[in-house]
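J.: Take a look at this one; I'll ask things after.
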Amino acid sequence: MDFNMKKLASDAGIFFTRAVQFTEEKFGQAEKTELDAHFENLLARADSTKNWTEKILRQTEVLLQPNPSARVEEFLYEKLDRKVPSRVTNGELLAQYMAEAASELGPTTPYGKTLIKVAEAEKHLGAAERDFIHTASINFLTPLRNFLEGDWKTISKERRLLQNRRLDLDACKARLKKAKAAEAKATTVPDFQETRPRNYILSASASALWNDEVDKAEQELRVAQTEFDRQAEVTRLLLEGISSTHVNHLRCLHEFVKSQTTYYAQCYRHMLDLQKQLGRFPGTFVGASEPASPPLSSTSPTTTAATMPVVPSVAGLAPPGEAALCLEEVAPPASGTRKARVLYDYEAADSSELALLADELITVYSLPGMDPDWLIGERGNKKGKVPVTYLELLS
């Protein structure tokens with residue numbers, strides 16, 4: 001083993017000098033080179049970015065995987081560079097239990113049939129959740145983790161190196177200051193009191209020795225200043241790169257919102273389909289004395305946006321005591337028609353409804369007395385009622 005004692009002694013000396021300088025700064029016995037205000041702001045912004053990125057990353061992991069034991073297991077698999085085993089979602093597990101219960105309690109009974117239908121919906125919800133977790137992990141968590149484990153480690157390393165360069169610079173400044181003070185003292189009060197030849201020669205050359213020490217200290221200071229300036233510039237460039245990090249994280253945040261929107265839209269569609277199936281299912285309990293969902297207040301936009309509407313039954317479209325609306329006799333109003341884009345496929349429950357295909361454009365309008373969750377839709381010579389929740393109104 002190649003053991004370089006000279007290099008080891010040199011490194012130990014540098015470490016000791018930095019430790020002394022750092023300690024004296026803490027006790028206020030040594031001067032400290034201050035960084036400019038812009039540099040300090042860059043450091044503060046970088047620290048804030050790192051801290052909030054860690055918090056957002058941890059909480060997003062909790063959102064995607066609430067089970068702490070499962071998160072620890074996934075963390076260990078990642079550290080060991082092994083593939084994380086596929087895990088059954090809670091929705092898929094519930095679907096499995098419901099299907100097994102229906103099989104044991106009787107799949108031909110109303111309760112068993114309903115269990116089977118709900119199990120299918122829960123299975124779809126579990127699959128949607130799995131896709132959401134996978135997409136969010138790739139598009140959102142991975143970039144945040146790469147910043148913390150890559151860019152931030154590089155920034156931290158360069159900051160530590162800058163701190164060492166600053167300590168070396170301030171130590172050189174202190175050494176030069178002491179050398180100049182000693183040189184001035186030796187020049188002002190030379191020591192010629194000794195009569196022995198050796199001591200006389202040493203006293204006579206003291207001024208020259210301190211002069212050499214000052215020259216050496218000045219040379220070391222110039223080298224330390226150059227290294228400090230170079231390292232400060234490298235660190236500054238890395239800290240200014242935090243702006244690019246913010247842009248990248250903004251793009252990832254948009255991807256996360258998009259995947260989350262898709263996930264909840266899929267869940268909403270599956271539950272609407274399930275409710276339609278249960279409403280048509282023979283023997284299924286459907287409350288007729290109360291509406292399927294509370295009426296939406298037109299004066300409270302916050303409540304309207306937060307409440308997920310439920311498609312009412314077809315029978316609830318006509319006002320009580322009146323005959324069902326005859327669409328063949330309905331003429332579109334002179335004004336008030338709008339274009340709408342269909343968001344999802346919709347299967348008509350009866351002849352009064354209009355079947356829809358995703359992404360097609362239809363003309364819609366409302367009539368006095370109609371349920372606000374429904375509109376009249378027209379496509380060519382076909383006409384029928386369509387649910388508002390399946391549409392995106394354009395104009």
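Order determines the names: the first chain of the structure tokens is A, the second B, and so forth; residues in each chain are numbered 1 upward, and ligands are numbered 1 upward as they are shown.
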Please report as a Markdown table every residue of range 109-165 of chain A lying within 9 Å of range 229-247 of chain A, along with the nearest atom pair and their distance in Å (one decimal), using only C-alpha atoms.
T.:
```
| residue | atom | partner | partner_atom | distance |
| --- | --- | --- | --- | --- |
| A:Phe147 | CA | A:Thr245 | CA | 7.9 |
| A:Asp151 | CA | A:Leu238 | CA | 8.6 |
| A:Thr154 | CA | A:Leu238 | CA | 8.4 |
| A:Ile155 | CA | A:Leu238 | CA | 6.3 |
| A:Glu158 | CA | A:Thr235 | CA | 5.9 |
| A:Arg159 | CA | A:Thr235 | CA | 6.5 |
| A:Leu161 | CA | A:Gln231 | CA | 7.5 |
| A:Leu162 | CA | A:Gln231 | CA | 5.7 |
| A:Arg165 | CA | A:Gln231 | CA | 7.5 |
```
J.: Store the residues of this selection in a file with N, CA, C and O atoms, as a PDB file, in the first residue's frame.
T.:
```pdb
ATOM      1  N   PHE A 147     -33.188  15.418  -8.513  1.00  0.00           N
ATOM      2  CA  PHE A 147     -32.615  16.701  -8.086  1.00  0.00           C
ATOM      3  C   PHE A 147     -31.927  16.563  -6.733  1.00  0.00           C
ATOM      4  O   PHE A 147     -30.799  17.040  -6.545  1.00  0.00           O
ATOM      5  N   ASP A 151     -28.270  16.827  -8.531  1.00  0.00           N
ATOM      6  CA  ASP A 151     -27.882  18.243  -8.579  1.00  0.00           C
ATOM      7  C   ASP A 151     -27.565  18.798  -7.194  1.00  0.00           C
ATOM      8  O   ASP A 151     -26.592  19.534  -7.020  1.00  0.00           O
ATOM      9  N   THR A 154     -24.220  17.747  -5.860  1.00  0.00           N
ATOM     10  CA  THR A 154     -23.137  18.491  -6.513  1.00  0.00           C
ATOM     11  C   THR A 154     -23.018  19.892  -5.930  1.00  0.00           C
ATOM     12  O   THR A 154     -21.909  20.374  -5.656  1.00  0.00           O
ATOM     13  N   ILE A 155     -24.165  20.559  -5.731  1.00  0.00           N
ATOM     14  CA  ILE A 155     -24.146  21.902  -5.145  1.00  0.00           C
ATOM     15  C   ILE A 155     -23.558  21.867  -3.731  1.00  0.00           C
ATOM     16  O   ILE A 155     -22.741  22.723  -3.361  1.00  0.00           O
ATOM     17  N   GLU A 158     -19.731  21.471  -3.853  1.00  0.00           N
ATOM     18  CA  GLU A 158     -19.040  22.701  -4.248  1.00  0.00           C
ATOM     19  C   GLU A 158     -19.138  23.762  -3.162  1.00  0.00           C
ATOM     20  O   GLU A 158     -18.203  24.559  -2.974  1.00  0.00           O
ATOM     21  N   ARG A 159     -20.231  23.785  -2.415  1.00  0.00           N
ATOM     22  CA  ARG A 159     -20.347  24.744  -1.308  1.00  0.00           C
ATOM     23  C   ARG A 159     -19.359  24.417  -0.184  1.00  0.00           C
ATOM     24  O   ARG A 159     -18.770  25.325   0.416  1.00  0.00           O
ATOM     25  N   LEU A 161     -16.533  22.916  -0.626  1.00  0.00           N
ATOM     26  CA  LEU A 161     -15.222  23.278  -1.158  1.00  0.00           C
ATOM     27  C   LEU A 161     -15.014  24.791  -1.102  1.00  0.00           C
ATOM     28  O   LEU A 161     -13.909  25.267  -0.785  1.00  0.00           O
ATOM     29  N   LEU A 162     -16.071  25.554  -1.379  1.00  0.00           N
ATOM     30  CA  LEU A 162     -15.975  27.012  -1.273  1.00  0.00           C
ATOM     31  C   LEU A 162     -15.712  27.440   0.168  1.00  0.00           C
ATOM     32  O   LEU A 162     -14.928  28.374   0.418  1.00  0.00           O
ATOM     33  N   ARG A 165     -12.094  26.893   0.826  1.00  0.00           N
ATOM     34  CA  ARG A 165     -11.281  27.918   0.159  1.00  0.00           C
ATOM     35  C   ARG A 165     -11.361  29.253   0.922  1.00  0.00           C
ATOM     36  O   ARG A 165     -10.371  29.981   1.013  1.00  0.00           O
TER      37      ARG A 165
END
```
J.: What lies within 10 Å of range 60-70 of chain A using only C-alpha atoms, ignoring chain neighbours under 5 positions off, as a ChimeraX atom specification?
T.: /A:54-55,75-76,87,89,129-130,132-134,136-137,140-141
J.: Can you write just those residues out, all heavy atoms, as a CSV table (one decimal), in the first residue's frame?
T.:
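Output file out18.csv follows:
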```
chain,number,residue,atom,x,y,z
A,54,GLU,N,-37.9,18.3,-0.6
A,54,GLU,CA,-37.9,17.1,0.3
A,54,GLU,C,-39.3,16.9,0.9
A,54,GLU,O,-39.8,15.8,0.9
A,54,GLU,CB,-36.9,17.3,1.4
A,54,GLU,CG,-35.4,17.0,0.9
A,54,GLU,CD,-34.5,17.1,2.1
A,54,GLU,OE1,-34.8,17.8,3.1
A,54,GLU,OE2,-33.4,16.5,2.0
A,55,LYS,N,-39.9,18.0,1.4
A,55,LYS,CA,-41.2,17.9,2.0
A,55,LYS,C,-42.3,17.5,1.0
A,55,LYS,O,-43.1,16.6,1.2
A,55,LYS,CB,-41.6,19.2,2.6
A,55,LYS,CG,-40.8,19.6,3.8
A,55,LYS,CD,-41.2,21.0,4.4
A,55,LYS,CE,-40.4,21.3,5.6
A,55,LYS,NZ,-40.8,22.6,6.2
A,75,PHE,N,-38.5,1.5,-0.7
A,75,PHE,CA,-37.2,2.2,-0.5
A,75,PHE,C,-36.0,1.2,-0.5
A,75,PHE,O,-35.0,1.5,-1.2
A,75,PHE,CB,-37.2,3.1,0.7
A,75,PHE,CG,-35.9,3.7,1.0
A,75,PHE,CD1,-35.6,4.9,0.4
A,75,PHE,CD2,-35.1,3.2,2.0
A,75,PHE,CE1,-34.4,5.5,0.7
A,75,PHE,CE2,-33.9,3.8,2.3
A,75,PHE,CZ,-33.5,5.0,1.6
A,76,LEU,N,-36.2,0.1,0.2
A,76,LEU,CA,-35.1,-0.8,0.3
A,76,LEU,C,-34.9,-1.5,-1.1
A,76,LEU,O,-33.7,-1.7,-1.5
A,76,LEU,CB,-35.4,-1.9,1.3
A,76,LEU,CG,-35.5,-1.4,2.8
A,76,LEU,CD1,-35.9,-2.5,3.7
A,76,LEU,CD2,-34.1,-0.9,3.2
A,87,ARG,N,-47.9,-4.8,-6.4
A,87,ARG,CA,-48.7,-4.9,-5.2
A,87,ARG,C,-50.1,-4.7,-5.6
A,87,ARG,O,-50.5,-3.8,-6.4
A,87,ARG,CB,-48.2,-3.8,-4.3
A,87,ARG,CG,-48.8,-3.9,-2.9
A,87,ARG,CD,-48.4,-2.7,-2.0
A,87,ARG,NE,-46.9,-2.5,-2.0
A,87,ARG,CZ,-46.1,-3.2,-1.2
A,87,ARG,NH1,-46.6,-4.0,-0.3
A,87,ARG,NH2,-44.8,-3.0,-1.2
A,89,THR,N,-53.7,-3.3,-5.3
A,89,THR,CA,-54.3,-2.0,-4.7
A,89,THR,C,-55.5,-2.4,-3.8
A,89,THR,O,-56.0,-3.5,-3.8
A,89,THR,CB,-54.7,-1.1,-5.8
A,89,THR,OG1,-55.8,-1.7,-6.5
A,89,THR,CG2,-53.6,-0.7,-6.7
A,129,GLU,N,-56.1,3.4,-10.2
A,129,GLU,CA,-55.2,3.8,-9.2
A,129,GLU,C,-53.8,3.4,-9.4
A,129,GLU,O,-52.8,4.1,-9.3
A,129,GLU,CB,-55.7,3.3,-7.8
A,129,GLU,CG,-54.8,3.8,-6.7
A,129,GLU,CD,-55.2,3.2,-5.3
A,129,GLU,OE1,-56.2,2.4,-5.3
A,129,GLU,OE2,-54.6,3.5,-4.3
A,130,ARG,N,-53.6,2.1,-9.9
A,130,ARG,CA,-52.3,1.6,-10.2
A,130,ARG,C,-51.6,2.4,-11.3
A,130,ARG,O,-50.5,2.8,-11.2
A,130,ARG,CB,-52.4,0.1,-10.6
A,130,ARG,CG,-51.1,-0.5,-10.9
A,130,ARG,CD,-51.3,-1.9,-11.6
A,130,ARG,NE,-52.1,-2.7,-10.8
A,130,ARG,CZ,-51.6,-3.5,-9.8
A,130,ARG,NH1,-50.3,-3.4,-9.5
A,130,ARG,NH2,-52.4,-4.2,-9.0
A,132,PHE,N,-52.3,5.5,-12.1
A,132,PHE,CA,-52.0,6.9,-11.6
A,132,PHE,C,-50.7,6.9,-10.8
A,132,PHE,O,-49.9,7.7,-10.9
A,132,PHE,CB,-53.2,7.3,-10.7
A,132,PHE,CG,-52.9,8.6,-9.9
A,132,PHE,CD1,-52.5,9.7,-10.5
A,132,PHE,CD2,-53.0,8.5,-8.5
A,132,PHE,CE1,-52.2,10.9,-9.7
A,132,PHE,CE2,-52.7,9.6,-7.7
A,132,PHE,CZ,-52.3,10.8,-8.3
A,133,ILE,N,-50.6,5.9,-9.9
A,133,ILE,CA,-49.3,5.8,-9.1
A,133,ILE,C,-48.1,5.6,-10.0
A,133,ILE,O,-47.1,6.3,-9.7
A,133,ILE,CB,-49.5,4.6,-8.1
A,133,ILE,CG1,-50.6,4.9,-7.1
A,133,ILE,CG2,-48.2,4.3,-7.4
A,133,ILE,CD1,-50.8,3.7,-6.1
A,134,HIS,N,-48.2,4.8,-11.0
A,134,HIS,CA,-47.1,4.6,-11.9
A,134,HIS,C,-46.7,5.8,-12.6
A,134,HIS,O,-45.6,6.2,-12.7
A,134,HIS,CB,-47.4,3.4,-12.9
A,134,HIS,CG,-46.4,3.2,-13.9
A,134,HIS,ND1,-45.2,2.6,-13.5
A,134,HIS,CD2,-46.3,3.4,-15.2
A,134,HIS,CE1,-44.4,2.4,-14.6
A,134,HIS,NE2,-45.1,3.0,-15.6
A,136,ALA,N,-47.5,9.0,-11.9
A,136,ALA,CA,-47.0,10.0,-11.0
A,136,ALA,C,-45.6,9.8,-10.5
A,136,ALA,O,-44.8,10.7,-10.3
A,136,ALA,CB,-48.0,10.2,-9.8
A,137,SER,N,-45.3,8.5,-10.3
A,137,SER,CA,-43.9,8.2,-9.8
A,137,SER,C,-42.9,8.5,-10.9
A,137,SER,O,-41.8,9.1,-10.6
A,137,SER,CB,-43.9,6.7,-9.5
A,137,SER,OG,-44.7,6.4,-8.4
A,140,PHE,N,-43.3,12.7,-11.8
A,140,PHE,CA,-43.2,13.7,-10.7
A,140,PHE,C,-42.2,13.3,-9.7
A,140,PHE,O,-41.3,14.1,-9.4
A,140,PHE,CB,-44.6,13.9,-10.1
A,140,PHE,CG,-44.7,15.1,-9.2
A,140,PHE,CD1,-44.4,16.4,-9.6
A,140,PHE,CD2,-45.0,14.9,-7.8
A,140,PHE,CE1,-44.4,17.4,-8.7
A,140,PHE,CE2,-45.0,15.9,-6.9
A,140,PHE,CZ,-44.8,17.2,-7.4
A,141,LEU,N,-42.3,12.2,-9.1
A,141,LEU,CA,-41.4,11.8,-8.0
A,141,LEU,C,-40.0,11.6,-8.5
A,141,LEU,O,-39.0,12.0,-7.8
A,141,LEU,CB,-41.9,10.5,-7.3
A,141,LEU,CG,-43.2,10.6,-6.5
A,141,LEU,CD1,-43.5,9.3,-5.8
A,141,LEU,CD2,-43.1,11.7,-5.5
```
J.: So which residues of range 52-210 of chain A fall under helix (DSSP H, G or I) by DSSP, listed as a PyMOL selection string?
T.: chain A and resi 52-64+68-79+90-105+110-188+197-204+206-210
